[in-house]
Amino acid sequence: MAKTLSEQQVEKAALGWFEALGFDIRKGADISPGVGAPLRESHEHVILEPRLRAVLRRINRHLPEDAVEQAVRIVARPPEPALFQNNRWFHRLLTDGIDVEYRTQNGETRGDKAWLADFSSPGANDLMVVHQFTVKAGNSTRRADLVVFLNGLPVAVIELKDPSDVQADLWKAYRQLQDYKEHVPALFHYNELMVISDGDATRVGSLTAGSDRFAPWRSIEDAAHPGEPTLEALATGLFAPQRLLDYLRHCVIFEEDDRTGEIVKKIAGYHQFRAMQKARASVKAALRPPAGEGDGRGGVIWHTQGSGKSLTMLMLSGALIGDDQLANPTVVVVTDRNDLDGQLFGTFAAGRALLRQQPEQANSRDDLAARLNRASGGVVFTTIQKFEERGGPVSERSNIVVLADEAHRSQYGFLEGGARWMRDAIPNATFVGFTGTPLERDDRSTPAVFGDYADVYDIRQAIEDNATVPIYYEMRLVKLVPDEQGVREAEEEMRVRLAAEADKSGQKVDDYIRVELEALAGARARLRLVAREIVEHFEKRREVIEGKAMAVCMSREICMNLYDEIVALRPDWHAEDDDAGFVKVVMTGSAAEGERVTFHSRTKARREALARRFKDPEDDLRLVIVCDMWLTGFDCPPMHTMYLDKPLAGHNLMQAIARVNRVFGEKPGGVVVDFLGIADQLRDAVQTYTQAGGAGSPVEDIQEEAVPLMERQFEALRDFFNGFDYSGFFNGNEADQLGAVTAGADYVFQQGDGKRRFMTMVTGLSKAFSLSVPRPETEAIRDHLAYFQAVRAAIRKRLGDDKGPPPVDSRVAVRQVISGAIASDGVIDLFQAAGLAEQNIGILSDDFLDRLAALPHKNLALETLRKLLNDQIRSRERVNIVESRSFRESLETVLTRYTNRAITTAQVIEELIGLAREIREAVNRGEEFGLSDEELAFYDALADNESAREVIQDETLRLIARELSERIKAKASLDWTQRDAVRADMRRTVRRLLAKYGYPPDAQEAATQLVIRQAELMAESAIA
């Protein structure tokens, strides 16, 4: 799509795509009060009740009229006090139907379901897109660009922006949607999808989603080449009637925090929707007789870790349960570990509304057999170990679907063991494998059970979509054998232990002592070094990016010993209670193992409470030490660093390090620090990924990628400031530091396109620096970065543009580096530092303008004037179109002359100060003329024509302006600018009035158009 499109053209193109899909296209004003047969009672009403009522009659033919009316009344009256609660209430009505009661002809009371949508016949529904849809709530009025209605219910809001306007980016559209939610919440009671787009870039989010959860939507036709996230890809890929109904029914989930009551709404990304559809089709094609003619191999879904695989499994389960061909299937979810079983079960339990039943966990082998031996239905969770060899099958039904998590694992025992016995127990089941890492090239067993890949979502695509962040690897080897004394101590410890065991068994102790890796890795002398590395490394990381970290050890004993060494270095990190403390060990154990194990081990409930603390970005629990727990299936988005001191390889290694790849705020990536030396295993895992056809790199090397990037970004900024001396920031007193920042801002504005270039470079350096810390290469850059960030923050505070995604959480922002040269008590105020009085600068007083003119930093003064004048003119554009046009032309003329070097910086400042005074005086011009602001605007529109000024006296022009203002106010309704008939009536009124007062005939048409445009701007100014 060409970048020359306007927002109106983007809207027109979107309407064309929707119309081609069969949507009815209407203008908001044409269905609202003020027309002959409006579809809504008032601008406060967001439901189109006539359309809703007609569809309910059509798709609920089994219901009498009073039951249909009852359903309309229920859906039109949200019962909850809060928006998110009402949204969840509505979604349940949409997917589960509305319970209604009515009396039969025999006088009996009968209960039944009224359905809001026909999911089996998408074409039977009423689909409409309304553009420029105005909604009122109290004193607030807002107008949405596009609203998608399903059977008269507003299920999607689409906010568009001009792709060629650099000031109107996607995030401005995002901010508008948040503003609509706050001021006209009724529009979102029924909302399922929120969309922001400029035609080229398109993102989709849920009602509760922050900016980091608005995800790109690409084509779902081809997994290997999904294309760009255009508005057309969204319209055709998601809003085609059958797909839209499928999505709303199976891809929307509500989760509620049991403690806080907070509701989070989650919707599928394009890759999850695609995988759900493909896997469902694959399962149906693979069903064994009599349900189908397949071989039971439903395919493998390879979606990279962190991209929402658990939710995809939940959505697929819901889709299979609701499919008629499967006739109420039993879904069996299989993992190979108890902790994974519990974590995945938690996801399904939270999304039980999608399953329309409670998921069940098998407690034993006999319990599993009993749950499988049923006629139909059920969602059963089990570990593979609960299957055992039996004499015959437990169930021979063919509508059993097995979803195996991390299906490639050797623990499954495909040839001999749990998986083999599982297939024997349910021989006609269909098997679907899910994996976050690719199958190995020589793996023959997994495809034999599950079949080929049904869908792939690799690392490159996940990072491009911001579904995950990249992972960076750094080796900081801590030697296994610090010295000969350490060897002798380890050997003696092993000799004593082996001697004790030999005494018990009556065997002789071997003269050759082999010290195990675990003993070497866990030697106290080495752990002291590991603890010091972790403490120093993490503290330096936290200086530049707040978040959480995990240390992974070889055994529970080592975990506890490492904890002791860490708290010996930082005693204040320790706490006796679970609800306090900076560091904790996460492990299981029993009281029989002694007091120390009892202190560190926890029950499942206590571990869950600890997990909630660790996942909370505000909580002081920053570091956890684990052996096996929380290495798979555990999501903690704030975690950005992992300290690995345990030998891992293959899938287990890739899954463990993926704990740090979750998206969270401005987190630029996750860092894995290797103390043990697993580079070879990591290389093998990367090679497996590449050989499987995965695109992108699973792991980047900090030394080879992040550090060189940081150095390149730094050099670019040094080149930008070539010859500029900012040493006062490092070496001077507070006044020198303030002066260095102010002069730096002045220098930035002096460069061609300086502000944009500078801001972009500092953001890039800040992210690369946060990944590289605490590499020694960062030390030479730290103070310089602190200066660059101080200049950037100062510019943003006073002269920034409202661009970029709003920070989701300031606690996880890449922090401003604090140099030793400057205090950390806030952002420098450029105006105060430059000696400008603290006041309302929007007034543009003589004192302020005089101080601005006297500033020694002329480029800073010029940029300040440019921004202030732009803001002033923009604010007056809707008040007085002629006046603001004149001011805009004057501003652009002066700036063009300056750009072409026709005038000096001092001269351009002088001219702009003169313009500022004109703008200030213009505010009071109406009082001098005896006109209100509206009347003055019409007066200027009438006087804009030179021949009119010559023919008509000034007093007559004022009289016309007053009468115009009265007439237009009398005819104006809320949506009149959107109604052709009202606009035509307005034009006739203006023409008659101009003719009445003898306005020159040859100038009447231009004056009429200008007056109408001015009136429209006034009307639009009341609507966001």
# chains A, B, ... in the order shown; residues from 1 in each chain; ligands from 1

$ select_by_dssp --residues "stretch 314-347 of chain A" --states "strand (DSSP E)" --output "PyMOL selection string"
chain A and resi 330-335

$ residues_around --residues "A:Ile678" --least-positions-apart "3" --cutoff "9 Å" --atoms "only C-alpha atoms" --output "MDAnalysis selection string"
chainID A and resid 475 644 646:649 674:675 681:683

$ select_by_dssp --residues "stretch 486-677 of chain A" --states "alpha helix (DSSP H)" --output "ChimeraX atom specification"
/A:486-505,517-521,524-544,556-569,595-600,604-615,650-657

$ residues_around --residues "A:Glu7" --least-positions-apart "5" --cutoff "9 Å" --atoms "only C-alpha atoms" --output "VMD selection string"
chain A and resid 12 160 to 164 198 to 199

$ write_last_selection --atoms "all heavy atoms" --output "CSV table (one decimal), in the first residue's frame"
chain,number,residue,atom,x,y,z
A,12,LYS,N,-11.8,4.1,3.3
A,12,LYS,CA,-12.6,3.7,2.1
A,12,LYS,C,-12.1,2.3,1.7
A,12,LYS,O,-13.0,1.5,1.3
A,12,LYS,CB,-12.4,4.8,1.0
A,12,LYS,CG,-13.3,4.5,-0.2
A,12,LYS,CD,-13.1,5.7,-1.2
A,12,LYS,CE,-14.0,5.4,-2.4
A,12,LYS,NZ,-13.8,6.5,-3.4
A,160,LEU,N,-8.4,4.0,12.8
A,160,LEU,CA,-7.5,4.2,11.7
A,160,LEU,C,-6.6,5.4,11.8
A,160,LEU,O,-7.1,6.4,12.4
A,160,LEU,CB,-8.2,4.2,10.4
A,160,LEU,CG,-9.2,3.0,10.1
A,160,LEU,CD1,-10.0,3.2,8.9
A,160,LEU,CD2,-8.3,1.7,10.0
A,161,LYS,N,-5.5,5.4,11.2
A,161,LYS,CA,-4.6,6.6,11.2
A,161,LYS,C,-4.0,6.8,9.8
A,161,LYS,O,-3.9,5.8,9.0
A,161,LYS,CB,-3.5,6.5,12.2
A,161,LYS,CG,-4.0,6.8,13.6
A,161,LYS,CD,-4.3,8.2,13.8
A,161,LYS,CE,-5.2,8.5,15.0
A,161,LYS,NZ,-6.6,8.4,14.7
A,162,ASP,N,-3.6,8.0,9.5
A,162,ASP,CA,-3.1,8.4,8.2
A,162,ASP,C,-1.6,7.8,8.1
A,162,ASP,O,-0.8,8.2,8.9
A,162,ASP,CB,-3.1,9.9,8.1
A,162,ASP,CG,-2.5,10.4,6.7
A,162,ASP,OD1,-2.0,9.6,6.0
A,162,ASP,OD2,-2.7,11.6,6.4
A,163,PRO,N,-1.3,6.9,7.1
A,163,PRO,CA,0.0,6.4,7.1
A,163,PRO,C,1.1,7.4,6.7
A,163,PRO,O,2.3,7.1,6.9
A,163,PRO,CB,-0.1,5.3,6.0
A,163,PRO,CG,-1.3,5.7,5.2
A,163,PRO,CD,-2.2,6.4,6.1
A,164,SER,N,0.7,8.5,6.1
A,164,SER,CA,1.7,9.5,5.7
A,164,SER,C,1.9,10.6,6.7
A,164,SER,O,2.8,11.4,6.6
A,164,SER,CB,1.2,10.1,4.4
A,164,SER,OG,0.0,10.8,4.5
A,198,ASP,N,-2.9,1.6,10.2
A,198,ASP,CA,-2.8,2.7,9.2
A,198,ASP,C,-2.8,2.2,7.8
A,198,ASP,O,-2.4,2.9,6.8
A,198,ASP,CB,-1.5,3.5,9.5
A,198,ASP,CG,-0.2,2.7,9.2
A,198,ASP,OD1,-0.3,1.5,8.8
A,198,ASP,OD2,0.9,3.2,9.4
A,199,GLY,N,-3.3,1.0,7.7
A,199,GLY,CA,-3.4,0.3,6.4
A,199,GLY,C,-2.3,-0.6,6.1
A,199,GLY,O,-2.4,-1.8,5.8

$ atom_distance --atom1 "atom CA of A:Gly998" --atom2 "atom CA of A:Ala972"
25.0 Å

$ closest_residue --among "A:Arg203, A:Arg757, A:Lys386, A:Arg420" --to "A:Asn363" --atoms "only C-alpha atoms"
A:Lys386

$ atom_distance --atom1 "atom CA of A:Arg460" --atom2 "atom CA of A:Ala695"
5.4 Å

$ closest_residue --among "A:Lys797, A:Lys172, A:Arg280, A:Arg213" --to "A:Ile267" --atoms "only C-alpha atoms"
A:Arg213

$ atom_distance --atom1 "atom CA of A:Ala235" --atom2 "atom CA of A:Phe18"
6.6 Å

$ residues_around --residues "A:Arg917" --least-positions-apart "4" --cutoff "9 Å" --atoms "only C-alpha atoms" --output "MDAnalysis selection string"
chainID A and resid 844:846 849 912:913 921:922

$ write_last_selection --atoms "C-alpha atoms" --output "PDB file, in the first residue's frame"
ATOM      1  CA  LEU A 844       3.140  33.295  25.414  1.00  0.00           C
ATOM      2  CA  SER A 845       3.579  36.318  27.667  1.00  0.00           C
ATOM      3  CA  ASP A 846       5.934  39.146  26.759  1.00  0.00           C
ATOM      4  CA  LEU A 849       9.077  35.647  24.818  1.00  0.00           C
ATOM      5  CA  LEU A 912       8.698  33.817  15.195  1.00  0.00           C
ATOM      6  CA  ILE A 913       8.442  35.858  18.384  1.00  0.00           C
ATOM      7  CA  GLU A 921      -3.369  39.101  20.351  1.00  0.00           C
ATOM      8  CA  ALA A 922      -5.706  37.206  18.015  1.00  0.00           C
TER       9      ALA A 922
END

$ residues_around --residues "stretch 98-104 of chain A" --least-positions-apart "4" --cutoff "10 Å" --atoms "only C-alpha atoms" --output "ChimeraX atom specification"
/A:63-72,74-75,90,92-94,108-116

$ residues_around --residues "A:Asn125" --least-positions-apart "3" --cutoff "8 Å" --atoms "only C-alpha atoms" --output "PyMOL selection string"
chain A and resi 55+117-118+121-122+150-151

$ residues_around --residues "A:Cys627" --least-positions-apart "2" --cutoff "9 Å" --atoms "only C-alpha atoms" --output "JSON list (two decimals) with N, CA, C and O atoms, in the first residue's frame"
[["chain", "number", "residue", "atom", "x", "y", "z"],
["A", 551, "ALA", "N", 18.46, -18.73, 39.09],
["A", 551, "ALA", "CA", 19.71, -19.49, 39.10],
["A", 551, "ALA", "C", 19.34, -20.98, 39.07],
["A", 551, "ALA", "O", 18.48, -21.42, 39.84],
["A", 552, "VAL", "N", 19.99, -21.74, 38.19],
["A", 552, "VAL", "CA", 19.67, -23.15, 38.01],
["A", 552, "VAL", "C", 20.87, -23.99, 38.45],
["A", 552, "VAL", "O", 21.97, -23.83, 37.91],
["A", 553, "CYS", "N", 20.65, -24.88, 39.43],
["A", 553, "CYS", "CA", 21.74, -25.69, 39.99],
["A", 553, "CYS", "C", 21.49, -27.18, 39.74],
["A", 553, "CYS", "O", 20.40, -27.58, 39.34],
["A", 554, "MET", "N", 22.51, -28.00, 40.07],
["A", 554, "MET", "CA", 22.46, -29.41, 39.73],
["A", 554, "MET", "C", 21.67, -30.25, 40.74],
["A", 554, "MET", "O", 21.21, -31.35, 40.39],
["A", 555, "SER", "N", 21.56, -29.77, 41.96],
["A", 555, "SER", "CA", 20.88, -30.57, 42.97],
["A", 555, "SER", "C", 20.23, -29.66, 44.01],
["A", 555, "SER", "O", 20.56, -28.48, 44.11],
["A", 556, "ARG", "N", 19.36, -30.25, 44.81],
["A", 556, "ARG", "CA", 18.74, -29.47, 45.88],
["A", 556, "ARG", "C", 19.78, -29.03, 46.90],
["A", 556, "ARG", "O", 19.73, -27.93, 47.43],
["A", 558, "ILE", "N", 22.92, -28.33, 46.35],
["A", 558, "ILE", "CA", 23.66, -27.19, 45.81],
["A", 558, "ILE", "C", 22.80, -25.93, 45.86],
["A", 558, "ILE", "O", 23.30, -24.84, 46.15],
["A", 559, "CYS", "N", 21.52, -26.06, 45.57],
["A", 559, "CYS", "CA", 20.62, -24.90, 45.65],
["A", 559, "CYS", "C", 20.66, -24.29, 47.04],
["A", 559, "CYS", "O", 20.77, -23.06, 47.20],
["A", 585, "VAL", "N", 14.74, -20.35, 47.50],
["A", 585, "VAL", "CA", 14.96, -21.62, 46.81],
["A", 585, "VAL", "C", 13.59, -22.23, 46.54],
["A", 585, "VAL", "O", 12.71, -22.22, 47.42],
["A", 586, "VAL", "N", 13.39, -22.76, 45.34],
["A", 586, "VAL", "CA", 12.12, -23.40, 44.99],
["A", 586, "VAL", "C", 12.39, -24.90, 44.82],
["A", 586, "VAL", "O", 13.05, -25.33, 43.87],
["A", 587, "MET", "N", 11.89, -25.70, 45.78],
["A", 587, "MET", "CA", 12.15, -27.14, 45.75],
["A", 587, "MET", "C", 11.12, -27.86, 46.61],
["A", 587, "MET", "O", 10.36, -27.23, 47.36],
["A", 625, "ILE", "N", 16.24, -19.69, 43.13],
["A", 625, "ILE", "CA", 17.23, -20.72, 42.88],
["A", 625, "ILE", "C", 16.48, -22.03, 42.72],
["A", 625, "ILE", "O", 15.69, -22.41, 43.59],
["A", 629, "MET", "N", 12.50, -27.52, 39.14],
["A", 629, "MET", "CA", 11.20, -26.84, 39.09],
["A", 629, "MET", "C", 11.29, -25.54, 38.30],
["A", 629, "MET", "O", 12.34, -24.89, 38.26],
["A", 630, "TRP", "N", 10.16, -25.19, 37.67],
["A", 630, "TRP", "CA", 9.99, -23.92, 36.98],
["A", 630, "TRP", "C", 10.86, -23.79, 35.72],
["A", 630, "TRP", "O", 11.00, -22.70, 35.18],
["A", 631, "LEU", "N", 11.43, -24.91, 35.24],
["A", 631, "LEU", "CA", 12.28, -24.83, 34.05],
["A", 631, "LEU", "C", 11.50, -25.06, 32.76],
["A", 631, "LEU", "O", 12.00, -24.78, 31.67],
["A", 646, "LYS", "N", 24.08, -25.85, 35.57],
["A", 646, "LYS", "CA", 23.62, -27.23, 35.49],
["A", 646, "LYS", "C", 23.78, -27.71, 34.06],
["A", 646, "LYS", "O", 23.44, -26.98, 33.12]]
